[in-house]
Structure formats: C-alpha cells, structure tokens
>>> print(open('work.txt').read())   # compact mmCIF, C-alpha atoms
# COMPACT_ATOMS: atom_id res chain seq x y z
CA LYS R 1 21.28 -79.72 15.88
CA GLU R 2 21.46 -76.54 13.78
CA VAL R 3 23.06 -74.57 16.61
CA GLY R 4 25.57 -77.36 17.16
CA LYS R 5 26.82 -76.98 13.58
CA SER R 6 27.62 -73.27 13.93
CA ILE R 7 28.31 -72.86 17.66
CA PRO R 8 28.98 -76.26 19.26
CA SER R 9 29.79 -74.68 22.63
CA LEU R 10 26.29 -73.18 22.85
CA SER R 11 24.72 -76.55 22.13
CA ILE R 12 26.92 -78.18 24.78
CA LEU R 13 25.98 -75.46 27.29
CA ALA R 14 22.27 -76.10 26.63
CA ASP R 15 22.74 -79.82 27.21
CA GLY R 16 24.15 -79.12 30.70
CA ILE R 17 21.26 -77.01 31.97
CA GLY R 18 19.06 -78.37 34.75
CA ASP R 19 17.31 -81.64 34.10
CA PRO R 20 15.50 -83.02 31.02
CA GLN R 21 12.20 -81.37 31.99
CA VAL R 22 13.84 -77.94 32.23
CA ARG R 23 15.81 -78.42 29.01
CA ASN R 24 12.73 -79.52 27.07
CA ARG R 25 10.30 -76.89 28.37
CA GLY R 26 12.43 -73.89 29.29
CA THR R 27 13.52 -71.34 26.70
CA ILE R 28 16.60 -69.24 26.19
CA GLY R 29 14.36 -66.15 26.17
CA GLY R 30 12.85 -67.07 29.52
CA SER R 31 16.26 -67.74 31.01
CA ILE R 32 17.82 -64.47 29.94
CA ALA R 33 14.69 -62.47 30.82
CA ASN R 34 14.86 -63.97 34.34
CA ASN R 35 18.62 -63.23 34.55
CA ASP R 36 19.32 -65.57 37.45
CA PRO R 37 22.84 -64.79 38.73
CA ALA R 38 23.87 -68.45 38.27
CA ALA R 39 22.13 -69.17 34.96
CA ASP R 40 24.15 -70.43 31.99
CA TYR R 41 22.56 -68.69 28.98
CA PRO R 42 23.43 -65.12 30.08
CA SER R 43 27.13 -66.00 29.92
CA ALA R 44 26.68 -67.28 26.35
CA CYS R 45 24.95 -64.03 25.42
CA LEU R 46 27.80 -61.91 26.77
CA ALA R 47 30.63 -64.06 25.45
CA LEU R 48 29.10 -64.49 22.00
CA ASN R 49 28.28 -60.76 21.66
CA ALA R 50 24.56 -61.50 21.31
CA ILE R 51 21.85 -59.14 20.19
CA ILE R 52 18.54 -59.68 21.98
CA HIS R 53 15.63 -59.00 19.60
CA THR R 54 12.48 -57.90 21.41
CA SER R 55 8.99 -56.94 20.30
CA LYS R 56 10.18 -53.30 20.26
CA ARG R 57 13.96 -53.12 19.67
CA LYS R 58 17.35 -54.83 19.49
CA ILE R 59 19.48 -54.80 22.65
CA PRO R 60 23.19 -55.70 22.74
CA ALA R 61 23.92 -58.25 25.47
CA ASP R 62 26.46 -55.87 27.01
CA LYS R 63 23.53 -53.51 27.81
CA PHE R 64 20.86 -56.12 28.51
CA PHE R 65 21.91 -57.61 31.88
CA LYS R 66 21.56 -54.99 34.64
CA GLY R 67 21.63 -56.73 38.02
CA MET R 68 20.23 -59.62 40.00
CA PHE R 69 17.07 -60.74 38.14
CA GLU R 70 17.11 -57.37 36.33
CA THR R 71 17.40 -56.68 32.61
CA ASP R 72 16.86 -53.79 30.21
CA LEU R 73 13.43 -55.14 29.20
CA LYS R 74 10.60 -52.62 29.51
CA LYS R 75 7.07 -53.43 30.69
CA GLY R 76 5.27 -55.48 28.06
CA GLU R 77 8.40 -56.04 25.97
CA LEU R 78 8.98 -59.64 24.91
CA ILE R 79 12.09 -61.43 23.71
CA GLU R 80 11.49 -62.77 20.21
CA ALA R 81 14.96 -63.96 19.20
CA VAL R 82 18.60 -64.02 20.24
CA GLU R 83 21.28 -63.49 17.59
CA PHE R 84 24.78 -64.75 18.40
CA GLU R 85 28.07 -63.90 16.73
CA VAL R 86 29.59 -67.11 15.40
CA PRO R 87 33.00 -67.47 17.07
CA GLU R 88 36.24 -68.77 15.64
CA LYS R 89 36.57 -70.82 18.85
CA SER R 90 34.50 -71.03 22.01
CA ALA R 91 33.78 -73.21 25.03
CA TYR R 92 31.83 -73.09 28.27
CA SER R 93 33.06 -74.71 31.47
CA LYS R 94 30.88 -74.92 34.53
CA PHE R 95 31.47 -75.98 38.11
CA PRO R 96 27.85 -76.92 38.89
CA ASN R 97 25.92 -77.14 42.10
CA PRO R 98 25.39 -80.92 42.35
CA ALA R 99 21.69 -80.57 43.23
CA SER R 100 20.42 -77.79 40.96
CA ARG R 101 23.11 -77.89 38.27
CA TYR R 102 23.17 -74.09 38.36
CA ALA R 103 26.67 -72.69 38.02
CA ILE R 104 28.59 -72.13 41.21
CA VAL R 105 31.07 -70.78 38.67
CA GLY R 106 30.60 -70.81 34.90
CA VAL R 107 33.10 -69.40 32.40
CA TYR R 108 32.28 -68.92 28.71
CA VAL R 109 35.29 -68.08 26.51
CA ALA R 110 34.82 -66.95 22.91
CA LYS R 111 37.47 -66.01 20.41
CA LEU R 112 35.63 -63.82 17.91
CA LYS R 113 37.02 -62.28 14.74
CA LYS R 114 37.85 -58.96 16.41
CA GLU R 115 38.15 -59.78 20.10
CA VAL R 116 38.22 -62.34 22.88
CA ARG R 117 35.29 -62.25 25.28
CA VAL R 118 35.06 -64.02 28.64
CA ALA R 119 31.78 -64.09 30.57
CA ILE R 120 31.43 -65.29 34.16
CA THR R 121 28.25 -66.51 35.85
CA GLY R 122 27.46 -67.74 39.38
CA VAL R 123 30.02 -65.44 40.98
CA GLU R 124 28.37 -62.03 41.44
CA ASN R 125 24.77 -60.80 41.54
CA CYS R 126 24.79 -60.68 37.73
CA VAL R 127 26.70 -62.22 34.84
CA PHE R 128 29.74 -60.14 33.86
CA ARG R 129 32.67 -59.95 31.48
CA CYS R 130 36.16 -60.44 32.90
CA LYS R 131 38.44 -57.84 31.32
CA LYS R 132 41.59 -59.28 32.93
CA LEU R 133 41.03 -62.69 31.34
CA GLU R 134 40.03 -61.12 28.03
CA ASP R 135 43.25 -59.09 27.93
CA ALA R 136 45.42 -62.07 28.83
CA LEU R 137 43.78 -64.31 26.22
CA SER R 138 43.91 -61.58 23.56
CA ASN R 139 47.69 -61.57 23.90
CA ASN R 140 48.05 -65.35 24.06
CA PHE R 141 45.02 -67.59 23.54
CA SER R 142 46.22 -70.50 25.64
CA PRO R 143 45.53 -71.89 29.13
CA SER R 144 48.97 -70.75 30.29
CA ALA R 145 48.01 -67.11 29.64
CA ILE R 146 45.62 -67.38 32.58
CA ASP R 147 48.33 -68.38 35.09
CA ASN R 148 49.45 -64.82 35.88
CA VAL R 149 45.98 -63.27 36.00
CA ASN R 150 45.02 -62.15 39.50
CA ILE R 151 41.29 -62.53 40.16
CA SER R 152 40.19 -60.58 43.22
CA SER R 153 37.31 -62.07 45.21
CA GLU R 154 36.02 -58.63 46.21
CA GLY R 155 32.29 -58.40 45.55
CA PHE R 156 31.94 -62.12 44.81
CA ASN R 157 29.14 -64.24 46.28
CA SER R 158 29.96 -66.20 49.39
CA ASP R 159 27.42 -68.79 50.52
CA ILE R 160 27.01 -72.38 51.69
CA HIS R 161 28.16 -73.62 48.28
CA ALA R 162 31.43 -71.70 47.96
CA SER R 163 33.30 -68.81 49.52
CA ALA R 164 34.19 -65.74 47.47
CA GLU R 165 37.85 -66.78 47.55
CA TYR R 166 37.04 -70.27 46.29
CA ARG R 167 34.95 -68.81 43.46
CA ALA R 168 37.91 -66.59 42.47
CA HIS R 169 40.11 -69.69 42.29
CA ILE R 170 37.53 -71.70 40.33
CA ILE R 171 37.19 -68.91 37.74
CA LYS R 172 40.78 -69.53 36.68
CA VAL R 173 40.33 -73.32 36.72
CA MET R 174 37.17 -73.13 34.57
CA ALA R 175 38.72 -70.52 32.24
CA LYS R 176 41.72 -72.79 31.60
CA LYS R 177 39.39 -75.71 30.97
CA ALA R 178 37.29 -73.64 28.56
CA VAL R 179 40.33 -72.48 26.59
CA SER R 180 41.64 -76.06 26.46
CA ASN R 181 38.27 -77.19 25.08
CA CYS R 182 38.22 -74.57 22.30
>>> encode(input="work.txt", output="structure tokens")
Amino acid sequence: KEVGKSIPSLSILADGIGDPQVRNRGTIGGSIANNDPAADYPSACLALNAIIHTSKRKIPADKFFKGMFETDLKKGELIEAVEFEVPEKSAYSKFPNPASRYAIVGVYVAKLKKEVRVAITGVENCVFRCKKLEDALSNNFSPSAIDNVNISSEGFNSDIHASAEYRAHIIKVMAKKAVSNC
C-alpha cells in the first residue's frame, strides 16, 4: 500500500507477477539477485533508476544487471534494500506468457525529473534500457513518438513463445501502452 502511494506502477507490476504463492513468498531482492531474463522487477529497477543496497555497498541498477542470471553481487553479499527514484509518471506493460506469467515482452517507462528511462525485459538474455525509445520519448512524451522508432530484432530471443521479430514489434506495442497508462 505504501509503495502504491508513491509509485503506483511498481505496485501494479508486483500484482502481475506469477501467482499468489509467488507474490506472497517471493521477494524483490530474490528476484533481482536471480536476474531471470524475463523477470519483471529488473525492468522496474532500471527504469526507476534504482540503487541496490547490499550488505557491503550501494550499486546503481545500471551497473547491477550483467547478463543471464548474472549480477554484480559478490560472494556472500546480500541485498538488504532497493531504493527507487520516484517518477513524475511511470507505467509497466507486459505481454505475459499465459502459463508462467513471465514477460515475453515487458516495457517499463518512467518519466523522471531529469530524464526518461525505458527498460525492456523478456527480449534478450538480460534486462536492458532502450536508448531509441528514451530519446523519442524525451522529445515528445506521447504514444505517437514511438511510431517512427525502428526496433531491430538483432540479438533478441527467439523461441517457442515468440520470434525475435515478433518481440521487436511487441516492444513498440507495450511501450505505447505504457506511455498511455502514465
């Protein structure tokens, strides 16, 4: 409830994760430490310019996520807290796998005081920021700004759930939806 007052989009994201058992027992720290390529919380961390507080240091989200199931955590280091920048506007839109509810494509858009950040999950081997969408939305924060952005499918996942080309298309669809929901 407290998160929902400051960052409603983060609360909404949390409500769309997995099933009730996962939502009530899993933690944000466990999710980001695992860094599943299709997990939702890593996109929130990147889009909301999070700082991950560990037992030894503070790590900016931009430096935390390294690769598939890989983070900047050192042996024995534990996540103690995650600090998010409160956005002016933000929203998360996910095209979920119908069985697992993991993101086939998830797009988190955040308009912060100094910048627009767009994080994508479910598309590559690790969550990432999309500079092309950030630039377009920085100039014009509206769904129409996304129309002329070309998203290349090079390096995107292609599997039984969606081809790389389909994921590229869905990024734009989910980004427009997220901006509309801000």
>>> closest_atom_pairs(input="work.txt", of="stretch 1-22 of chain R", to="stretch 107-116 of chain R", cutoff="12 Å", atoms="all atoms listed in the file", output="JSON lines")
{"residue": "R:Ile7", "atom": "CA", "partner": "R:Ala110", "partner_atom": "CA", "distance": 10.2}
{"residue": "R:Pro8", "atom": "CA", "partner": "R:Ala110", "partner_atom": "CA", "distance": 11.6}
{"residue": "R:Ser9", "atom": "CA", "partner": "R:Tyr108", "partner_atom": "CA", "distance": 8.7}
{"residue": "R:Leu10", "atom": "CA", "partner": "R:Tyr108", "partner_atom": "CA", "distance": 9.4}
{"residue": "R:Ile12", "atom": "CA", "partner": "R:Tyr108", "partner_atom": "CA", "distance": 11.4}
{"residue": "R:Leu13", "atom": "CA", "partner": "R:Tyr108", "partner_atom": "CA", "distance": 9.2}
>>> atom_distance(input="work.txt", atom1="atom CA of R:Lys172", atom2="atom CA of R:Pro37")
18.7 Å
>>> residues_around(input="work.txt", residues="R:Ser11", least_positions_apart="2", cutoff="12 Å", atoms="all atoms listed in the file", output="compact mmCIF listing (two decimals) with C-alpha atoms, keeping the file's coordinate frame")
# COMPACT_ATOMS: atom_id res chain seq x y z
CA LYS R 1 21.28 -79.72 15.88
CA GLU R 2 21.46 -76.54 13.78
CA VAL R 3 23.06 -74.57 16.61
CA GLY R 4 25.57 -77.36 17.16
CA LYS R 5 26.82 -76.98 13.58
CA SER R 6 27.62 -73.27 13.93
CA ILE R 7 28.31 -72.86 17.66
CA PRO R 8 28.98 -76.26 19.26
CA SER R 9 29.79 -74.68 22.63
CA LEU R 13 25.98 -75.46 27.29
CA ALA R 14 22.27 -76.10 26.63
CA ASP R 15 22.74 -79.82 27.21
CA GLY R 16 24.15 -79.12 30.70
CA ILE R 17 21.26 -77.01 31.97
CA ARG R 23 15.81 -78.42 29.01
CA ILE R 28 16.60 -69.24 26.19
CA ASP R 40 24.15 -70.43 31.99
CA TYR R 41 22.56 -68.69 28.98
CA ALA R 44 26.68 -67.28 26.35
CA SER R 90 34.50 -71.03 22.01
CA ALA R 91 33.78 -73.21 25.03
CA TYR R 92 31.83 -73.09 28.27
>>> residues_near_point(input="work.txt", point="(24.0, -55.0, 32.4)", cutoff="12 Å", atoms="all atoms listed in the file", output="number ranges by chain")
R: 32, 35, 37, 42-43, 45-46, 59-73, 125-129
>>> atom_distance(input="work.txt", atom1="atom CA of R:Ile52", atom2="atom CA of R:Gly106")
20.9 Å
>>> closest_residue(input="work.txt", among="R:Tyr166, R:Ile160, R:Val179, R:Asn34", to="R:Asn140", atoms="all atoms listed in the file")
R:Val179
>>> atom_distance(input="work.txt", atom1="atom CA of R:Phe84", atom2="atom CA of R:Thr27")
15.5 Å
>>> closest_residue(input="work.txt", among="R:Val82, R:Ala175, R:Ile146, R:Ile151", to="R:Leu48", atoms="all atoms listed in the file")
R:Val82
>>> residues_around(input="work.txt", residues="R:Glu77", least_positions_apart="3", cutoff="7 Å", atoms="all atoms listed in the file", output="MDAnalysis selection string")
chainID R and resid 54:56 73:74
>>> closest_residue(input="work.txt", among="R:Glu124, R:His53, R:Arg117, R:Asn150", to="R:Glu80", atoms="all atoms listed in the file")
R:His53
